[in-house]
>>> print(open('work_26.csv').read())   # CSV, C-alpha atoms
chain,number,residue,atom,x,y,z
L,941,MET,CA,-86.9,19.2,56.2
L,942,PRO,CA,-86.2,19.5,52.5
L,943,THR,CA,-84.2,22.5,51.2
L,944,ARG,CA,-85.1,24.5,48.2
L,945,PRO,CA,-82.6,25.2,45.5
L,946,ARG,CA,-80.3,28.2,45.9
L,947,LYS,CA,-80.9,31.2,43.9
L,948,PRO,CA,-78.3,33.7,42.7
L,949,THR,CA,-79.7,36.3,44.9
L,950,ASP,CA,-79.4,34.2,48.0
L,951,PRO,CA,-76.6,35.2,50.5
L,952,PRO,CA,-73.6,33.0,50.7
L,953,GLU,CA,-73.8,30.1,53.1
L,954,ALA,CA,-71.9,30.2,56.3
L,955,GLU,CA,-69.0,27.9,56.6
L,956,ARG,CA,-70.0,24.7,58.1
L,957,PRO,CA,-68.0,23.2,60.8
L,958,GLY,CA,-66.0,20.1,59.9
L,959,LYS,CA,-65.4,21.1,56.3
L,960,GLU,CA,-62.0,20.0,55.0
L,961,GLU,CA,-59.5,22.8,54.7
L,962,GLU,CA,-57.9,23.4,51.3
L,963,GLU,CA,-54.5,21.7,50.8
L,964,PRO,CA,-51.5,24.1,50.9
L,965,ILE,CA,-49.6,24.7,47.7
L,966,GLU,CA,-46.1,23.2,47.8
L,967,ILE,CA,-43.4,25.2,46.2
L,968,LEU,CA,-41.0,22.8,44.7
L,969,GLU,CA,-38.2,25.1,43.5
L,970,VAL,CA,-37.6,28.8,43.1
L,971,VAL,CA,-35.2,29.7,40.3
L,972,GLY,CA,-34.1,32.9,38.9
L,973,VAL,CA,-34.8,35.1,41.9
L,974,ASP,CA,-32.2,37.6,43.1
L,975,GLU,CA,-31.7,37.0,46.8
L,976,THR,CA,-31.0,40.7,47.3
L,977,THR,CA,-33.7,42.5,45.3
L,978,GLY,CA,-36.1,39.6,44.7
L,979,ALA,CA,-36.2,40.3,41.0
L,980,VAL,CA,-36.6,37.5,38.6
L,981,LYS,CA,-33.5,36.9,36.5
L,982,ASP,CA,-33.8,36.2,32.8
L,983,ASP,CA,-32.6,33.0,31.0
L,984,ARG,CA,-29.2,34.5,30.0
L,985,GLN,CA,-28.3,35.2,33.6
L,986,ARG,CA,-29.3,31.7,34.7
L,987,GLU,CA,-27.2,30.2,31.9
L,988,GLY,CA,-24.2,32.3,33.0
L,989,LEU,CA,-24.6,31.0,36.6
L,990,ALA,CA,-24.7,27.4,35.3
L,991,SER,CA,-21.7,27.9,33.0
L,992,GLY,CA,-19.8,29.5,35.8
L,993,GLY,CA,-20.3,26.5,38.0
L,994,LEU,CA,-19.0,24.2,35.3
L,995,THR,CA,-15.9,26.3,34.7
L,996,GLY,CA,-15.0,26.2,38.4
L,997,GLY,CA,-14.9,22.4,38.8
L,998,GLN,CA,-15.4,20.4,35.6
L,999,GLY,CA,-13.6,23.1,33.5
L,1000,ARG,CA,-10.4,22.6,35.4
L,1001,ARG,CA,-10.6,18.9,35.1
L,1002,THR,CA,-11.2,19.2,31.4
L,1003,ALA,CA,-8.2,21.4,31.0
L,1004,ASP,CA,-6.1,19.0,32.9
L,1005,LEU,CA,-7.2,16.1,30.8
L,1006,ALA,CA,-6.5,18.1,27.6
L,1007,GLN,CA,-3.0,18.9,28.8
L,1008,LYS,CA,-2.3,15.3,29.7
L,1009,LEU,CA,-3.6,14.2,26.3
L,1010,GLU,CA,-1.3,16.7,24.5
L,1011,GLU,CA,1.6,15.5,26.5
L,1012,ALA,CA,0.8,11.9,25.7
L,1013,GLN,CA,0.6,12.8,22.0
L,1014,ARG,CA,4.0,14.4,22.1
L,1015,GLU,CA,5.5,11.3,23.8
L,1016,LYS,CA,3.9,9.1,21.2
L,1017,GLU,CA,5.4,11.1,18.4
L,1018,LYS,CA,8.8,11.1,20.0
L,1019,TYR,CA,8.9,7.4,20.5
L,1020,TYR,CA,7.5,6.8,17.0
L,1021,ASP,CA,10.3,8.8,15.5
L,1022,LEU,CA,12.8,7.0,17.7
L,1023,LEU,CA,11.4,3.7,16.4
L,1024,LEU,CA,11.7,4.8,12.8
L,1025,ARG,CA,15.3,5.8,13.3
L,1026,LYS,CA,16.2,2.6,15.0
L,1027,GLN,CA,14.5,0.6,12.3
L,1028,ALA,CA,16.5,2.5,9.6
L,1029,GLU,CA,19.7,2.0,11.5
L,1030,PHE,CA,19.0,-1.8,11.8
L,1031,ASP,CA,18.2,-2.0,8.0
L,1032,ASN,CA,21.5,-0.3,7.2
L,1033,PHE,CA,23.4,-2.5,9.5
L,1034,ARG,CA,21.8,-5.6,8.0
L,1035,LYS,CA,22.6,-4.5,4.5
L,1036,ARG,CA,26.2,-3.6,5.4
L,1037,MET,CA,26.7,-7.0,7.0
L,1038,GLU,CA,25.3,-8.8,4.0
L,1039,ARG,CA,27.5,-6.8,1.7
L,1040,GLU,CA,30.6,-7.5,3.8
L,1041,ARG,CA,29.8,-11.2,4.0
L,1042,GLU,CA,29.4,-11.3,0.2
L,1043,GLU,CA,32.6,-9.4,-0.3
L,1044,SER,CA,34.6,-11.6,2.1
L,1045,GLY,CA,33.2,-14.7,0.6
L,1046,GLY,CA,33.9,-13.4,-2.9
L,1047,ALA,CA,37.4,-12.4,-2.0
L,1048,ALA,CA,38.1,-15.9,-0.6
L,1049,SER,CA,36.7,-17.5,-3.8
L,1050,ARG,CA,38.8,-15.2,-5.9
L,1051,ASP,CA,41.9,-16.1,-4.0
L,1052,VAL,CA,41.4,-19.8,-4.5
L,1053,LEU,CA,40.5,-19.5,-8.2
L,1054,LYS,CA,43.5,-17.3,-8.8
L,1055,ARG,CA,45.8,-19.9,-7.3
L,1056,LEU,CA,44.4,-22.6,-9.6
L,1057,LEU,CA,45.1,-20.6,-12.8
L,1058,PRO,CA,48.9,-21.5,-12.9
L,1059,VAL,CA,47.8,-25.2,-13.0
L,1060,LEU,CA,45.6,-24.4,-16.0
L,1061,ASP,CA,48.5,-22.5,-17.6
L,1062,ASN,CA,50.8,-25.6,-17.2
L,1063,MET,CA,48.2,-27.8,-18.9
L,1064,GLU,CA,47.9,-25.5,-21.8
L,1065,ARG,CA,51.7,-25.4,-22.2
L,1066,ALA,CA,51.8,-29.2,-22.2
L,1067,LEU,CA,49.1,-29.3,-24.9
L,1068,ARG,CA,51.0,-26.8,-27.0
L,1069,ALA,CA,54.3,-28.7,-26.6
L,1070,SER,CA,52.8,-32.0,-27.7
L,1071,ASP,CA,52.4,-32.4,-31.5
L,1072,ASP,CA,51.0,-35.9,-31.5
L,1073,SER,CA,47.3,-35.6,-30.9
L,1074,GLY,CA,47.0,-39.4,-31.0
L,1075,ASP,CA,49.1,-39.9,-27.9
L,1076,PRO,CA,47.0,-41.2,-24.9
L,1077,LEU,CA,48.8,-38.9,-22.6
L,1078,PHE,CA,47.9,-35.9,-24.8
L,1079,LYS,CA,44.3,-37.0,-24.8
L,1080,GLY,CA,44.3,-37.4,-21.1
L,1081,ILE,CA,45.7,-33.9,-20.5
L,1082,ALA,CA,43.2,-32.4,-23.0
L,1083,LEU,CA,40.3,-34.1,-21.2
L,1084,VAL,CA,41.5,-32.8,-17.8
L,1085,HIS,CA,42.0,-29.4,-19.3
L,1086,GLN,CA,38.5,-29.3,-20.7
L,1087,GLN,CA,37.0,-30.5,-17.4
L,1088,PHE,CA,39.0,-27.8,-15.6
L,1089,LEU,CA,37.6,-25.1,-17.9
L,1090,ASP,CA,34.0,-26.3,-17.5
L,1091,LEU,CA,34.4,-26.2,-13.7
L,1092,LEU,CA,35.8,-22.7,-13.8
L,1093,LYS,CA,33.0,-21.6,-16.1
L,1094,LYS,CA,30.4,-22.9,-13.6
L,1095,GLU,CA,32.1,-20.8,-10.9
L,1096,GLY,CA,31.9,-17.7,-13.0
L,1097,VAL,CA,35.4,-17.7,-14.5
L,1098,GLN,CA,35.6,-16.6,-18.1
L,1099,PRO,CA,38.8,-16.3,-20.3
L,1100,ILE,CA,39.6,-12.9,-21.9
L,1101,ASP,CA,39.9,-12.9,-25.7
L,1102,ALA,CA,42.8,-10.6,-26.1
L,1103,LEU,CA,44.5,-11.6,-29.4
L,1104,GLY,CA,43.7,-9.2,-32.2
L,1105,ALA,CA,41.7,-6.8,-29.8
L,1106,HIS,CA,42.7,-3.3,-28.9
L,1107,PHE,CA,44.7,-2.9,-25.8
L,1108,ASP,CA,42.5,-2.3,-22.7
L,1109,PRO,CA,44.3,-1.4,-19.5
L,1110,ARG,CA,41.4,-2.7,-17.5
L,1111,LEU,CA,41.9,-6.2,-19.0
L,1112,HIS,CA,45.4,-6.3,-20.4
L,1113,GLU,CA,48.9,-5.8,-19.2
L,1114,ALA,CA,51.5,-5.0,-21.9
L,1115,VAL,CA,54.8,-6.6,-21.5
L,1116,GLN,CA,56.3,-5.4,-24.8
L,1117,VAL,CA,55.5,-2.9,-27.5
L,1118,LEU,CA,56.6,-3.9,-31.0
L,1119,ASP,CA,57.1,-1.8,-34.2
L,1120,VAL,CA,55.4,-4.2,-36.6
L,1121,PRO,CA,54.3,-2.9,-40.0
L,1122,GLY,CA,50.7,-3.2,-41.1
L,1123,PHE,CA,49.1,-3.0,-37.6
L,1124,GLU,CA,47.3,-0.2,-36.0
L,1125,PRO,CA,48.5,1.2,-32.7
L,1126,ASP,CA,47.6,-0.7,-29.5
L,1127,VAL,CA,46.5,-3.8,-31.3
L,1128,VAL,CA,47.4,-7.0,-29.4
L,1129,LEU,CA,49.8,-9.0,-31.4
L,1130,GLU,CA,50.6,-11.9,-29.1
L,1131,GLU,CA,49.2,-13.3,-25.9
L,1132,MET,CA,51.9,-14.4,-23.4
L,1133,GLN,CA,49.5,-15.4,-20.7
L,1134,LYS,CA,45.7,-15.7,-20.8
L,1135,GLY,CA,43.7,-13.5,-18.6
L,1136,TYR,CA,40.4,-14.3,-16.8
L,1137,THR,CA,37.4,-12.6,-15.3
L,1138,TYR,CA,35.4,-13.7,-12.3
L,1139,ASN,CA,31.7,-12.7,-12.2
L,1140,ASP,CA,32.5,-9.9,-14.7
L,1141,ARG,CA,35.4,-8.6,-12.6
L,1142,LEU,CA,39.0,-8.9,-13.4
L,1143,LEU,CA,40.6,-12.0,-11.9
L,1144,ARG,CA,43.9,-11.9,-13.7
L,1145,PRO,CA,45.0,-9.6,-16.6
L,1146,ALA,CA,46.2,-11.0,-19.9
L,1147,LEU,CA,49.9,-10.5,-20.5
L,1148,VAL,CA,50.2,-9.3,-24.1
L,1149,LYS,CA,52.5,-7.8,-26.7
L,1150,VAL,CA,51.0,-4.8,-28.6
L,1151,ALA,CA,51.8,-2.9,-31.8
L,1152,SER,CA,53.2,0.6,-31.5
L,1153,GLY,CA,51.8,1.7,-34.9
L,1154,LYS,CA,55.2,3.3,-35.7
L,1155,GLY,CA,56.5,0.7,-38.0
L,1156,PRO,CA,56.9,1.2,-41.8
L,1157,PRO,CA,53.7,0.6,-43.9
L,1158,HIS,CA,53.1,-3.0,-44.9
L,1159,GLY,CA,55.0,-3.9,-48.1
L,1160,SER,CA,57.3,-0.8,-48.0
L,1161,SER,CA,60.4,-2.9,-47.3
L,1162,SER,CA,59.8,-5.1,-50.3
L,1163,ARG,CA,59.3,-2.0,-52.6
L,1164,GLN,CA,62.6,-0.6,-51.3
L,1165,ASN,CA,64.4,-3.8,-52.0
L,1166,ASP,CA,62.9,-4.0,-55.5
L,1167,ARG,CA,63.9,-0.3,-56.1
L,1168,GLY,CA,67.5,-1.0,-55.0
L,1169,ALA,CA,67.8,-4.1,-57.2
L,1170,GLY,CA,66.5,-2.1,-60.2
L,1171,GLU,CA,69.1,0.7,-59.6
L,1172,GLY,CA,71.8,-1.9,-59.3
L,1173,SER,CA,71.0,-3.5,-62.6
>>> encode(input="work_26.csv", output="structure tokens")
Amino acid sequence: MPTRPRKPTDPPEAERPGKEEEEPIEILEVVGVDETTGAVKDDRQREGLASGGLTGGQGRRTADLAQKLEEAQREKEKYYDLLLRKQAEFDNFRKRMEREREESGGAASRDVLKRLLPVLDNMERALRASDDSGDPLFKGIALVHQQFLDLLKKEGVQPIDALGAHFDPRLHEAVQVLDVPGFEPDVVLEEMQKGYTYNDRLLRPALVKVASGKGPPHGSSSRQNDRGAGEGS
């Protein structure tokens, strides 16, 4: 039998058997409810609970890690400073060893060169004693003498020019002081033995005779003689 359409004034229909029941609502999570009062907590309270949970567990671990990191940083700085000190000590040791090696080598060279100087002195005496420059022996000694000078020059040995210079205690050694007229004080008058330097350092001082500067003025003796002769006449 066909049914007519329902009107608004019709009474509600009775529940038919077999109709499906409504699905229950599932409560997934209840947050922000006080267990004692049942009141809903605001966002600030919920954030406080969350942060409190982190401070209890992860906060301690973070603090431990920060402390270990700080200790590791201090250890690194300590060992880095130790490395710098050891490196500076090694550099100083290396420089000191190089300096000592150079000084020891230089001292040995100075000793050998100084022992050779008397041989050079004897050659110069032989050349001064010989008047015949055409003598083959004289020419041979002069050639050896020049070769000897060239060899010493290559090794850093240089003669000291003392004759006519002012006396220098760093380069000269005075063996006699002469009262010679016409010369200023401390002027080298004669060179008894030639001096030498080695790499700008004194190898052997020059033995010299110097003027005292106390002698009578140059030409005064001749004027006195002329005066005496005039008075006598």
>>> closest_residue(input="work_26.csv", among="L:Leu1005, L:Leu1147, L:Ala1048, L:Leu1053", to="Asp1101 in chain L", atoms="all atoms listed in the file")
L:Leu1147
>>> atom_distance(input="work_26.csv", atom1="CA of Ala1069 in chain L", atom2="CA of Leu1143 in chain L")
26.1 Å
>>> atom_distance(input="work_26.csv", atom1="CA of Arg1068 in chain L", atom2="CA of Leu1089 in chain L")
16.3 Å
>>> residues_near_point(input="work_26.csv", point="(55.6, -4.4, -28.4)", cutoff="6 Å", atoms="all atoms listed in the file", output="list in words")
Gln1116, Val1117, Leu1118, Lys1149, Val1150 and Ala1151 of chain L
>>> atom_distance(input="work_26.csv", atom1="CA of Asp1108 in chain L", atom2="CA of Lys1054 in chain L")
20.5 Å
>>> residues_around(input="work_26.csv", residues="Glu1113 in chain L", least_positions_apart="6", cutoff="7 Å", atoms="all atoms listed in the file", output="PyMOL selection string")
chain L and resi 1145-1148
>>> closest_residue(input="work_26.csv", among="L:Phe1088, L:Tyr1136, L:Phe1030, L:Phe1123", to="Arg1110 in chain L", atoms="all atoms listed in the file")
L:Tyr1136
>>> closest_residue(input="work_26.csv", among="L:Glu1130, L:Asp1140, L:Glu1038, L:Glu1124", to="Pro1099 in chain L", atoms="all atoms listed in the file")
L:Asp1140
>>> axis_aligned_box(input="work_26.csv", around="range 1063-1070 of chain L", padding_each_side="8 Å", output="JSON")
{"center_x": 51.1, "center_y": -28.7, "center_z": -23.3, "size_x": 22.4, "size_y": 22.6, "size_z": 24.8}
>>> residues_near_point(input="work_26.csv", point="(45.1, -16.2, -14.0)", cutoff="12 Å", atoms="only C-alpha atoms", output="PyMOL selection string")
chain L and resi 1050-1062+1092+1097-1100+1111-1112+1132-1138+1142-1147
